[in-house]
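Trainee: Structure file work-v3.txt (compact mmCIF, C-alpha atoms) is given on the next line.
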# COMPACT_ATOMS: atom_id res chain seq x y z
CA MET Z 6 -15.51 -21.77 -7.94
CA LYS Z 7 -12.42 -19.58 -8.26
CA LYS Z 8 -10.81 -17.85 -5.27
CA VAL Z 9 -9.48 -14.32 -4.85
CA ASP Z 10 -5.68 -14.22 -4.78
CA VAL Z 11 -4.15 -11.38 -2.77
CA VAL Z 12 -1.00 -9.30 -3.08
CA LEU Z 13 -0.05 -7.02 -0.20
CA GLY Z 14 2.88 -5.42 1.59
CA LEU Z 15 4.49 -7.05 4.62
CA GLN Z 16 6.40 -4.04 5.97
CA TRP Z 17 5.55 -0.33 6.41
CA GLY Z 18 4.44 0.20 2.81
CA ASP Z 19 6.56 1.17 -0.22
CA GLU Z 20 7.51 -2.48 -0.82
CA GLY Z 21 6.96 -2.33 -4.59
CA LYS Z 22 3.36 -3.57 -4.86
CA GLY Z 23 2.65 -1.70 -8.10
CA LYS Z 24 5.39 -3.44 -10.02
CA VAL Z 25 4.42 -6.87 -8.68
CA VAL Z 26 0.74 -6.45 -9.55
CA ASP Z 27 1.77 -5.31 -13.03
CA VAL Z 28 3.95 -8.43 -13.38
CA LEU Z 29 1.21 -10.74 -12.05
CA THR Z 30 -1.75 -9.25 -13.97
CA PRO Z 31 -1.32 -11.33 -17.16
CA ASN Z 32 -2.58 -14.24 -15.00
CA TYR Z 33 -5.73 -12.43 -13.86
CA ASP Z 34 -8.89 -11.09 -15.48
CA VAL Z 35 -9.76 -8.66 -12.66
CA ILE Z 36 -7.57 -6.48 -10.39
CA ALA Z 37 -9.33 -4.97 -7.37
CA ARG Z 38 -8.10 -2.42 -4.81
CA PHE Z 39 -9.62 -3.26 -1.40
CA GLN Z 40 -8.49 -0.51 1.03
CA GLY Z 41 -6.59 2.73 1.45
CA GLY Z 42 -6.78 5.94 -0.50
CA PRO Z 43 -4.57 8.26 -2.55
CA ASN Z 44 -1.83 7.97 0.08
CA ALA Z 45 -0.81 4.91 -1.96
CA GLY Z 46 1.93 5.42 -4.55
CA HIS Z 47 2.27 2.31 -6.70
CA SER Z 48 5.07 2.86 -9.21
CA LEU Z 49 5.10 1.00 -12.53
CA HIS Z 50 8.08 1.06 -14.92
CA PHE Z 51 7.80 -0.28 -18.47
CA GLY Z 52 8.62 0.81 -22.01
CA GLY Z 53 11.00 3.43 -20.66
CA GLU Z 54 8.16 5.21 -18.83
CA LYS Z 55 7.16 5.54 -15.17
CA PHE Z 56 3.59 5.75 -13.89
CA VAL Z 57 2.60 6.32 -10.26
CA LEU Z 58 -0.90 5.09 -9.37
CA HIS Z 59 -2.65 6.37 -6.25
CA THR Z 60 -6.21 5.01 -6.48
CA VAL Z 61 -6.45 3.21 -9.84
CA PRO Z 62 -5.63 -0.53 -9.60
CA SER Z 63 -2.27 -1.51 -11.09
CA GLY Z 64 -3.78 -3.72 -13.81
CA ILE Z 65 -5.05 -0.71 -15.75
CA PHE Z 66 -2.31 -0.90 -18.41
CA ARG Z 67 -3.00 -4.53 -19.30
CA ASP Z 68 -5.23 -5.18 -22.31
CA GLY Z 69 -8.33 -7.17 -21.46
CA SER Z 70 -8.15 -6.57 -17.71
CA MET Z 71 -11.01 -5.20 -15.58
CA ASN Z 72 -10.05 -3.01 -12.62
CA ILE Z 73 -12.30 -2.42 -9.62
CA ILE Z 74 -12.01 0.25 -6.92
CA GLY Z 75 -13.58 -1.62 -4.00
CA ASN Z 76 -15.85 -0.45 -1.20
CA GLY Z 77 -12.95 -0.38 1.29
CA VAL Z 78 -11.18 2.39 -0.64
CA VAL Z 79 -11.62 6.12 0.06
CA ILE Z 80 -11.61 8.34 -3.04
CA ASP Z 81 -10.62 11.97 -3.60
CA PRO Z 82 -12.37 12.87 -6.89
CA VAL Z 83 -9.73 15.53 -7.69
CA ILE Z 84 -6.76 13.17 -7.36
CA LEU Z 85 -8.57 10.31 -9.11
CA ALA Z 86 -9.66 12.53 -12.04
CA GLU Z 87 -6.07 13.78 -12.48
CA GLU Z 88 -4.73 10.24 -12.33
CA ILE Z 89 -7.26 9.03 -14.91
CA ALA Z 90 -6.42 11.95 -17.23
CA GLN Z 91 -2.70 11.04 -17.12
CA ILE Z 92 -3.42 7.39 -17.91
CA GLU Z 93 -5.79 8.34 -20.73
CA ALA Z 94 -3.08 10.62 -22.15
CA SER Z 95 -0.93 7.50 -22.59
CA GLY Z 96 -3.62 5.99 -24.81
CA VAL Z 97 -5.43 3.75 -22.30
CA ASP Z 98 -9.26 3.61 -22.40
CA VAL Z 99 -9.74 3.77 -18.63
CA VAL Z 100 -13.56 3.95 -18.75
CA SER Z 101 -13.82 0.52 -20.39
CA ARG Z 102 -11.30 -1.03 -17.98
CA MET Z 103 -12.45 0.25 -14.58
CA LYS Z 104 -15.52 0.17 -12.35
CA ILE Z 105 -16.05 1.92 -9.01
CA SER Z 106 -17.91 0.56 -5.99
CA LYS Z 107 -20.99 2.54 -4.97
CA ARG Z 108 -20.01 1.85 -1.36
CA ALA Z 109 -16.54 3.47 -1.58
CA HIS Z 110 -16.39 6.62 0.54
CA LEU Z 111 -15.51 10.09 -0.73
CA ILE Z 112 -12.79 12.36 0.67
CA LEU Z 113 -14.13 15.91 0.89
CA PRO Z 114 -12.01 19.08 0.66
CA THR Z 115 -12.76 19.67 4.35
CA HIS Z 116 -11.42 16.18 5.19
CA ARG Z 117 -8.03 17.40 3.95
CA ALA Z 118 -8.28 20.50 6.14
CA LEU Z 119 -9.21 18.37 9.17
CA ASP Z 120 -6.20 16.13 8.48
CA ALA Z 121 -3.85 19.13 8.47
CA ALA Z 122 -5.47 20.66 11.57
CA SER Z 123 -5.24 17.38 13.49
CA GLU Z 124 -1.55 16.87 12.62
CA ALA Z 125 -0.72 20.47 13.53
CA ALA Z 126 -2.45 20.06 16.90
CA LYS Z 127 -0.45 16.91 17.71
CA GLY Z 128 2.88 18.75 17.50
CA LYS Z 129 5.76 16.38 18.31
CA THR Z 130 3.39 13.40 18.55
CA LYS Z 131 2.17 13.76 14.96
CA ILE Z 132 1.54 10.55 13.01
CA GLY Z 133 3.28 11.61 9.80
CA SER Z 134 0.06 11.72 7.77
CA THR Z 135 0.22 12.34 4.01
CA LEU Z 136 -2.43 15.05 4.68
CA LYS Z 137 -4.71 13.65 1.95
CA GLY Z 138 -7.77 13.61 4.24
CA ILE Z 139 -7.81 9.82 4.48
CA GLY Z 140 -7.97 9.47 8.28
CA PRO Z 141 -10.86 11.93 8.66
CA ALA Z 142 -12.72 10.22 5.76
CA TYR Z 143 -12.46 6.84 7.50
CA MET Z 144 -13.54 8.50 10.76
CA ASP Z 145 -16.69 9.75 9.06
CA LYS Z 146 -17.22 6.27 7.61
CA THR Z 147 -17.11 4.59 11.04
CA GLY Z 148 -19.00 7.53 12.57
CA ARG Z 149 -21.76 6.92 9.98
CA ASN Z 150 -21.55 10.42 8.56
CA GLY Z 151 -19.73 9.69 5.29
CA LEU Z 152 -20.60 10.39 1.68
CA ARG Z 153 -20.30 7.46 -0.71
CA VAL Z 154 -19.81 7.17 -4.46
CA GLY Z 155 -23.39 5.95 -4.88
CA ASP Z 156 -24.63 9.20 -3.30
CA ILE Z 157 -23.26 11.14 -6.28
CA LEU Z 158 -26.28 10.03 -8.35
CA LEU Z 159 -28.87 11.08 -5.74
CA PRO Z 160 -30.91 14.27 -6.36
CA ASP Z 161 -29.96 15.68 -2.94
CA PHE Z 162 -26.23 14.95 -3.25
CA GLU Z 163 -25.22 18.61 -2.99
CA ALA Z 164 -27.36 19.09 0.14
CA ARG Z 165 -25.72 16.04 1.72
CA TYR Z 166 -22.30 17.43 0.80
CA ASN Z 167 -23.07 20.82 2.33
CA ALA Z 168 -24.37 19.28 5.56
CA LEU Z 169 -21.16 17.28 6.04
CA LYS Z 170 -19.04 20.28 5.05
CA GLU Z 171 -20.74 22.43 7.72
CA LYS Z 172 -20.06 19.75 10.33
CA HIS Z 173 -16.38 19.80 9.33
CA LEU Z 174 -16.16 23.60 9.43
CA PHE Z 175 -17.55 23.48 12.98
CA GLN Z 176 -14.83 20.97 13.92
CA LEU Z 177 -12.15 23.14 12.32
CA ARG Z 178 -13.27 26.07 14.46
CA GLN Z 179 -12.62 23.92 17.55
CA TYR Z 180 -9.05 23.51 16.29
CA ASP Z 181 -8.91 27.30 15.69
CA TYR Z 182 -7.81 26.38 12.15
CA GLN Z 183 -8.61 28.82 9.38
CA VAL Z 184 -9.05 27.42 5.87
CA ASP Z 185 -10.68 28.43 2.58
CA VAL Z 186 -11.67 25.33 0.59
CA THR Z 187 -13.39 27.27 -2.22
CA ALA Z 188 -10.73 26.65 -4.87
CA TYR Z 189 -10.32 22.94 -4.10
CA GLU Z 190 -14.10 22.59 -3.84
CA LYS Z 191 -14.48 23.77 -7.42
CA GLU Z 192 -11.99 21.12 -8.59
CA TRP Z 193 -13.73 18.56 -6.37
CA PHE Z 194 -17.12 18.96 -8.04
CA ALA Z 195 -15.43 18.89 -11.46
CA GLY Z 196 -13.82 15.61 -10.37
CA VAL Z 197 -17.19 14.24 -9.31
CA GLU Z 198 -18.60 15.09 -12.75
CA SER Z 199 -15.66 13.31 -14.37
CA LEU Z 200 -16.32 10.17 -12.31
CA LYS Z 201 -19.87 10.00 -13.68
CA ARG Z 202 -18.36 8.63 -16.90
CA PHE Z 203 -17.68 5.40 -15.01
CA GLU Z 204 -20.00 2.59 -14.04
CA PHE Z 205 -20.76 2.66 -10.32
CA VAL Z 206 -21.35 -0.93 -9.23
CA ASP Z 207 -22.45 -3.09 -6.33
CA SER Z 208 -18.90 -4.41 -6.25
CA GLU Z 209 -19.58 -7.18 -3.73
CA ILE Z 210 -22.20 -8.67 -6.10
CA LEU Z 211 -19.93 -8.17 -9.12
CA VAL Z 212 -16.89 -9.79 -7.47
CA ASN Z 213 -18.84 -12.81 -6.23
CA ASN Z 214 -20.47 -13.28 -9.64
CA TYR Z 215 -17.02 -13.17 -11.22
CA LEU Z 216 -15.93 -15.95 -8.85
CA LYS Z 217 -18.98 -18.06 -9.69
CA ASN Z 218 -18.09 -17.73 -13.35
CA ASP Z 219 -14.47 -18.85 -12.72
CA THR Z 220 -13.04 -15.39 -13.41
CA THR Z 221 -9.57 -14.90 -11.95
CA ILE Z 222 -9.27 -12.02 -9.46
CA LEU Z 223 -6.24 -10.43 -7.81
CA ALA Z 224 -6.88 -8.18 -4.79
CA GLU Z 225 -4.33 -5.37 -4.50
CA GLY Z 226 -3.45 -3.91 -1.10
CA ALA Z 227 -2.03 -0.49 -0.31
CA GLN Z 228 0.37 0.60 2.46
CA GLY Z 229 1.79 -2.33 4.47
CA SER Z 230 0.88 -4.89 7.14
CA LEU Z 231 2.76 -3.05 9.89
CA LEU Z 232 0.54 -0.02 9.23
CA ASP Z 233 -2.68 -1.98 9.86
CA VAL Z 234 -5.00 -0.01 12.16
CA ASP Z 235 -5.43 -3.04 14.47
CA PHE Z 236 -2.14 -4.93 14.27
CA GLY Z 237 0.38 -2.31 13.15
CA THR Z 238 2.58 -0.01 15.24
CA TYR Z 239 -0.40 1.91 16.65
CA PRO Z 240 -1.00 4.85 16.75
CA PHE Z 241 1.55 5.33 13.94
CA VAL Z 242 -0.59 3.44 11.45
CA THR Z 243 -2.97 4.06 8.57
CA SER Z 244 -6.75 4.17 9.00
CA SER Z 245 -7.69 0.91 7.28
CA ASN Z 246 -7.10 -2.83 7.59
CA THR Z 247 -4.09 -3.50 5.37
CA LEU Z 248 -3.97 -7.22 6.22
CA CYS Z 249 -5.46 -10.01 4.12
CA ALA Z 250 -8.59 -9.87 6.30
CA GLY Z 251 -9.23 -6.44 4.78
CA VAL Z 252 -9.95 -8.13 1.45
CA CYS Z 253 -13.08 -9.70 2.92
CA THR Z 254 -14.48 -6.40 4.20
CA GLY Z 255 -12.98 -4.24 1.44
CA LEU Z 256 -14.43 -6.27 -1.45
CA GLY Z 257 -17.23 -8.24 0.18
CA VAL Z 258 -15.88 -11.78 -0.16
CA ALA Z 259 -16.03 -14.59 2.40
CA PRO Z 260 -12.82 -15.77 4.14
CA THR Z 261 -13.24 -19.15 2.42
CA ARG Z 262 -12.93 -17.38 -0.95
CA ILE Z 263 -9.30 -16.29 -0.32
CA GLY Z 264 -6.74 -18.25 -2.37
CA GLU Z 265 -3.02 -17.52 -2.73
CA VAL Z 266 -1.62 -14.71 -0.58
CA TYR Z 267 1.50 -13.08 -2.01
CA GLY Z 268 3.44 -11.08 0.57
CA ILE Z 269 5.86 -8.46 -0.70
CA PHE Z 270 8.91 -7.30 1.23
CA LYS Z 271 12.09 -5.40 0.49
CA ALA Z 272 15.47 -7.09 1.03
CA TYR Z 273 15.90 -4.38 3.69
CA CYS Z 274 13.38 -2.12 5.52
CA THR Z 275 12.03 1.39 5.03
CA ARG Z 276 9.46 3.54 6.76
CA VAL Z 277 7.90 6.94 6.04
CA GLY Z 278 6.60 9.17 8.80
CA SER Z 279 6.72 8.71 12.56
CA GLY Z 280 6.63 5.53 14.60
CA PRO Z 281 8.82 2.65 15.81
CA PHE Z 282 11.41 1.18 13.43
CA PRO Z 283 13.69 -1.23 15.37
CA THR Z 284 16.34 -1.73 12.65
CA GLU Z 285 16.54 1.92 11.51
CA LEU Z 286 20.07 3.05 10.63
CA PHE Z 287 21.17 6.61 11.38
CA ASP Z 288 24.65 6.19 9.92
CA ALA Z 289 26.33 6.18 6.51
CA THR Z 290 24.90 2.72 5.78
CA GLY Z 291 21.36 4.03 6.20
CA GLU Z 292 22.12 6.97 3.92
CA THR Z 293 23.63 4.61 1.31
CA LEU Z 294 20.45 2.51 1.34
CA ARG Z 295 18.37 5.67 0.88
CA GLN Z 296 20.42 7.03 -2.02
CA VAL Z 297 21.09 3.75 -3.87
CA GLY Z 298 17.51 2.59 -3.31
CA ASN Z 299 16.07 6.00 -4.27
CA GLU Z 300 14.04 5.84 -1.09
CA PHE Z 301 11.83 8.88 -1.49
CA GLY Z 302 8.03 8.65 -1.36
CA ALA Z 303 6.25 8.17 -4.71
CA THR Z 304 3.31 10.21 -3.38
CA THR Z 305 4.98 12.78 -1.11
CA GLY Z 306 8.65 12.80 -2.12
CA ARG Z 307 9.57 12.49 1.55
CA PRO Z 308 12.89 10.73 2.31
CA ARG Z 309 12.24 7.28 3.74
CA ARG Z 310 13.85 6.02 6.92
CA CYS Z 311 16.06 3.00 6.08
CA GLY Z 312 17.38 -0.02 7.96
CA TRP Z 313 18.24 -3.70 7.80
CA LEU Z 314 15.66 -6.43 7.21
CA ASP Z 315 13.57 -7.07 10.34
CA LEU Z 316 12.79 -10.78 10.29
CA VAL Z 317 10.81 -10.64 13.55
CA ALA Z 318 8.37 -8.16 12.03
CA LEU Z 319 8.36 -10.04 8.70
CA LYS Z 320 7.43 -13.35 10.34
CA TYR Z 321 4.65 -11.56 12.25
CA ALA Z 322 3.23 -10.19 8.99
CA VAL Z 323 3.52 -13.60 7.29
CA MET Z 324 1.56 -15.17 10.17
CA MET Z 325 -1.15 -12.49 10.28
CA ASN Z 326 -1.77 -12.65 6.53
CA GLY Z 327 -1.50 -16.40 5.97
CA VAL Z 328 1.12 -15.73 3.28
CA THR Z 329 1.58 -18.60 0.81
CA GLY Z 330 4.33 -17.04 -1.30
CA LEU Z 331 6.95 -14.36 -0.62
CA ILE Z 332 8.07 -11.75 -3.13
CA MET Z 333 11.45 -10.10 -2.47
CA MET Z 334 11.97 -6.62 -3.91
CA LYS Z 335 15.00 -4.37 -4.39
CA SER Z 336 17.49 -7.20 -3.91
CA ASP Z 337 19.92 -5.29 -6.16
CA ILE Z 338 20.18 -2.37 -3.70
CA LEU Z 339 22.34 -4.61 -1.47
CA ASN Z 340 24.79 -5.37 -4.32
CA ASP Z 341 27.79 -3.50 -2.85
CA PHE Z 342 27.64 -4.38 0.85
CA ASP Z 343 30.44 -6.49 2.36
CA THR Z 344 28.20 -7.50 5.25
CA ILE Z 345 24.40 -7.65 5.40
CA LYS Z 346 22.55 -7.79 8.71
CA VAL Z 347 19.16 -9.27 9.56
CA ALA Z 348 17.31 -8.75 12.86
CA VAL Z 349 16.43 -12.23 14.18
CA GLY Z 350 15.21 -11.18 17.64
CA TYR Z 351 14.65 -8.24 19.96
CA GLU Z 352 15.78 -7.19 23.40
CA VAL Z 353 13.01 -5.32 25.19
CA ASN Z 354 14.00 -3.82 28.55
CA GLY Z 355 16.80 -6.39 28.83
CA GLU Z 356 14.53 -9.34 28.01
CA LYS Z 357 15.00 -11.30 24.75
CA VAL Z 358 11.86 -11.85 22.66
CA ASP Z 359 11.39 -13.55 19.30
CA TYR Z 360 7.98 -12.07 18.47
CA PHE Z 361 6.56 -8.66 17.52
CA PRO Z 362 5.37 -7.19 20.85
CA TYR Z 363 2.53 -4.85 21.79
CA GLU Z 364 5.18 -2.49 23.18
CA ALA Z 365 6.65 -1.85 19.73
CA ASP Z 366 8.48 1.32 20.71
CA ASP Z 367 11.94 2.86 20.85
CA ASN Z 368 12.98 0.52 23.70
CA ILE Z 369 13.39 -2.35 21.24
CA VAL Z 370 17.02 -3.27 20.54
CA PRO Z 371 17.42 -5.59 17.53
CA VAL Z 372 19.52 -8.75 17.79
CA TYR Z 373 21.34 -9.19 14.47
CA ARG Z 374 22.69 -12.09 12.46
CA GLU Z 375 25.32 -11.18 9.85
CA PHE Z 376 25.60 -12.50 6.31
CA GLU Z 377 28.40 -12.20 3.79
CA GLY Z 378 27.37 -9.81 1.00
CA TRP Z 379 27.46 -10.87 -2.66
CA ASN Z 380 29.43 -7.80 -3.75
CA CYS Z 381 28.44 -7.98 -7.41
CA ASP Z 382 25.78 -6.64 -9.75
CA ILE Z 383 22.78 -8.99 -9.93
CA CYS Z 384 20.59 -6.69 -12.07
CA ASN Z 385 21.07 -8.76 -15.22
CA VAL Z 386 20.32 -12.12 -13.60
CA ARG Z 387 17.19 -13.73 -15.10
CA ASP Z 388 17.41 -17.22 -13.58
CA PHE Z 389 17.75 -18.12 -9.89
CA ASP Z 390 20.61 -20.53 -10.59
CA GLN Z 391 22.69 -17.59 -11.88
CA PHE Z 392 22.69 -15.78 -8.52
CA PRO Z 393 25.90 -15.85 -6.43
CA GLN Z 394 25.88 -18.35 -3.55
CA GLN Z 395 25.84 -15.57 -0.90
CA PHE Z 396 22.57 -14.26 -2.34
CA LYS Z 397 21.07 -17.77 -2.47
CA ASP Z 398 22.05 -18.26 1.19
CA TYR Z 399 20.30 -14.99 2.13
CA VAL Z 400 17.10 -16.09 0.36
CA ALA Z 401 17.25 -19.62 1.83
CA PHE Z 402 17.58 -18.22 5.37
CA ILE Z 403 14.52 -15.99 4.93
CA GLU Z 404 12.51 -18.93 3.53
CA ALA Z 405 13.52 -21.22 6.38
CA GLU Z 406 12.68 -18.63 9.05
CA CYS Z 407 9.32 -17.66 7.54
CA GLY Z 408 8.35 -21.17 6.47
CA VAL Z 409 7.22 -19.80 3.09
CA PRO Z 410 8.97 -19.96 -0.30
CA VAL Z 411 10.29 -16.84 -2.03
CA LYS Z 412 8.49 -17.18 -5.38
CA ILE Z 413 9.47 -13.92 -7.08
CA ILE Z 414 12.68 -11.88 -6.83
CA SER Z 415 13.04 -8.37 -8.24
CA VAL Z 416 16.48 -7.06 -9.27
CA GLY Z 417 15.41 -3.69 -10.73
CA PRO Z 418 12.40 -1.45 -11.32
CA ASP Z 419 11.48 -2.65 -14.83
CA ARG Z 420 8.99 -5.41 -15.65
CA GLU Z 421 11.78 -7.45 -17.22
CA GLU Z 422 14.00 -7.32 -14.11
CA THR Z 423 11.97 -10.01 -12.38
CA ILE Z 424 12.77 -13.65 -11.65
CA VAL Z 425 9.77 -15.95 -11.16
CA ARG Z 426 10.73 -19.25 -9.53
Spit out the file's structure as structure tokens when you get a sec.
Mentor:
Amino acid sequence: MKKVDVVLGLQWGDEGKGKVVDVLTPNYDVIARFQGGPNAGHSLHFGGEKFVLHTVPSGIFRDGSMNIIGNGVVIDPVILAEEIAQIEASGVDVVSRMKISKRAHLILPTHRALDAASEAAKGKTKIGSTLKGIGPAYMDKTGRNGLRVGDILLPDFEARYNALKEKHLFQLRQYDYQVDVTAYEKEWFAGVESLKRFEFVDSEILVNNYLKNDTTILAEGAQGSLLDVDFGTYPFVTSSNTLCAGVCTGLGVAPTRIGEVYGIFKAYCTRVGSGPFPTELFDATGETLRQVGNEFGATTGRPRRCGWLDLVALKYAVMMNGVTGLIMMKSDILNDFDTIKVAVGYEVNGEKVDYFPYEADDNIVPVYREFEGWNCDICNVRDFDQFPQQFKDYVAFIEAECGVPVKIISVGPDREETIVR
């Protein structure tokens, strides 16, 4: 029986998962998203065009692939319908290439309002939410109030919708938050109608039958490991399990069915929104990383916080996910640095630690090791042997520290700018 291979982010999201899944998909028959919502922004570059996917799995542009939106995903019908329309405009028959789990939960217009009201009420302690309604949707899921994709086909769907909407409006009054969802509601129901073109499936049955029939499956994560609701920098995290364990609950597969785990990381670090970031740079170096790396959110356009690679956090994510192969992104952004730093430990309240602590807060002071930069353009390199020795040393150090090989290296945004070892 085949196993589900997994590709996920090892940092705070924005690692380049979309490109990697697009590069890996020729090896897989099925691509399945297992968690998160339209806060994801997976950018794909090919044929001189750029596509940003929020809910649709990144295998959608590959002929012969099947894409599944799993039960662990939360769906905004408006955003998904718009995304599908853009993909269809490029000539892709999305209906024949994608199925949606009946158990995936729906984001209501009032979920978005609750998200905004909650963030506004937090003031300076706000999380940095994308305000897409994702947190409130997951809260309704765990609170056993949610609406699911399968409910769309029920005769009393509208009554169920209205009951949940009234509950939300009551909550919004507690926040003293005034909102009129009428306009978005109209789009929402149009989006729901659009989704009826797709096959709603018992995805856990489908996925396990695929495995029985030796079909190759790649599970695609969203956000990053350090945003996991249990093991990330809580409370500045997302509302789902972004770790490999989330594949089991987000697609309905047993732990013994997990195969290769590909962990993606940038050659440096970025973070969007609030929360601890030990290696964050507030100087000209940080601004250079942001500008050269075009570090602005694919979903929100927000400038990303930038800093050096945090090896303590990376090793933590490798351990938690059982990573079998590393994938290093945006290596080319470090082309022009004389010196490159890597955090190899922390000082917390004067005490040295070599692990990612519970108290992941602003008291952490990174302990750096310096590397000589390669100071040349590596964008046209297509074979590992062609890299300068300084770059090879950087990669070798990361491999030795993490105990996992770097199997893929990206030197640019395009499909072709990828070295598979």
Trainee: Measuring between all atoms listed in the file, which one of Z:Leu314, Z:Ala86, Z:Val297, Z:Ile424 shows the shortest distance to Ile345 in chain Z?
Mentor: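 Residue with the minimum atom-to-atom distance to Ile345 in chain Z: Z:Leu314.
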Trainee: Could you tell me which of Z:Val372, Z:Leu111, Z:Val234, Z:Leu294 comes closest to Asn246 in chain Z if we count all atoms listed in the file?
Mentor: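 The shortest atom-to-atom distance to Asn246 in chain Z comes from Z:Val234.
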Trainee: I'd like the interatomic distance between CA of Leu211 in chain Z and CA of Asp98 in chain Z, to a tenth of an Å.
Mentor: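 Separation of CA of Leu211 in chain Z and CA of Asp98 in chain Z: 20.7 Å.
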Trainee: So that I can check the surroundings of range 409-419 of chain Z, please list as a list in words every protein, DNA and RNA residue that reaches within 7 Å of it, counting all atoms listed in the file and ignoring chain neighbours fewer than 5 positions away.
Mentor: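 The contact residues come out as His50, Phe51, Thr329, Gly330, Leu331, Ile332, Met333, Met334, Lys335, Ser336, Asp337, Ile383, Cys384, Glu404, Ile424, Val425 and Arg426 of chain Z.
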Trainee: Pick out the residues sitting within 8 Å of range 302-312 of chain Z, and hand them over as an NGL selection string; count only C-alpha atoms, and ignore anything fewer than 6 positions along from it in its own chain.
Mentor: :Z and (19 or 44-48 or 57 or 59 or 135 or 273-278 or 284-286 or 291-292 or 294-295)
Trainee: What's the 7 Å shell around range 352-364 of chain Z, counting all atoms listed in the file, without same-chain residues fewer than 6 positions away, as a PyMOL selection string?
Mentor: chain Z and resi 317-318+321+370-372
Trainee: Find, counting all atoms listed in the file, the residue in Z:Gln179, Z:Val83, Z:His110, Z:Ser70 that gets nearest to Arg149 in chain Z.
Mentor: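 Result for the nearest residue to Arg149 in chain Z: Z:His110.
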Trainee: Tell me, in Å to one decimal, how far CA of Cys407 in chain Z is from CA of Leu319 in chain Z.
Mentor: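 Computed distance, CA of Cys407 in chain Z to CA of Leu319 in chain Z, equals 7.8 Å.
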Trainee: Just how far from CA of Asp366 in chain Z is CA of Ala121 in chain Z, in Å to one decimal?
Mentor: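 A separation of 24.9 Å between them.
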Trainee: Could you list, as number ranges by chain, every residue within 6 Å of Met71 in chain Z, counting all atoms listed in the file and ignoring same-chain residues fewer than 2 positions away?
Mentor: Z: 35, 102-103
Trainee: Using all atoms listed in the file, find the one residue out of Z:Thr243, Z:Gln228, Z:Thr221, Z:Gln391 that sits nearest to Gly18 in chain Z.
Mentor: Z:Gln228
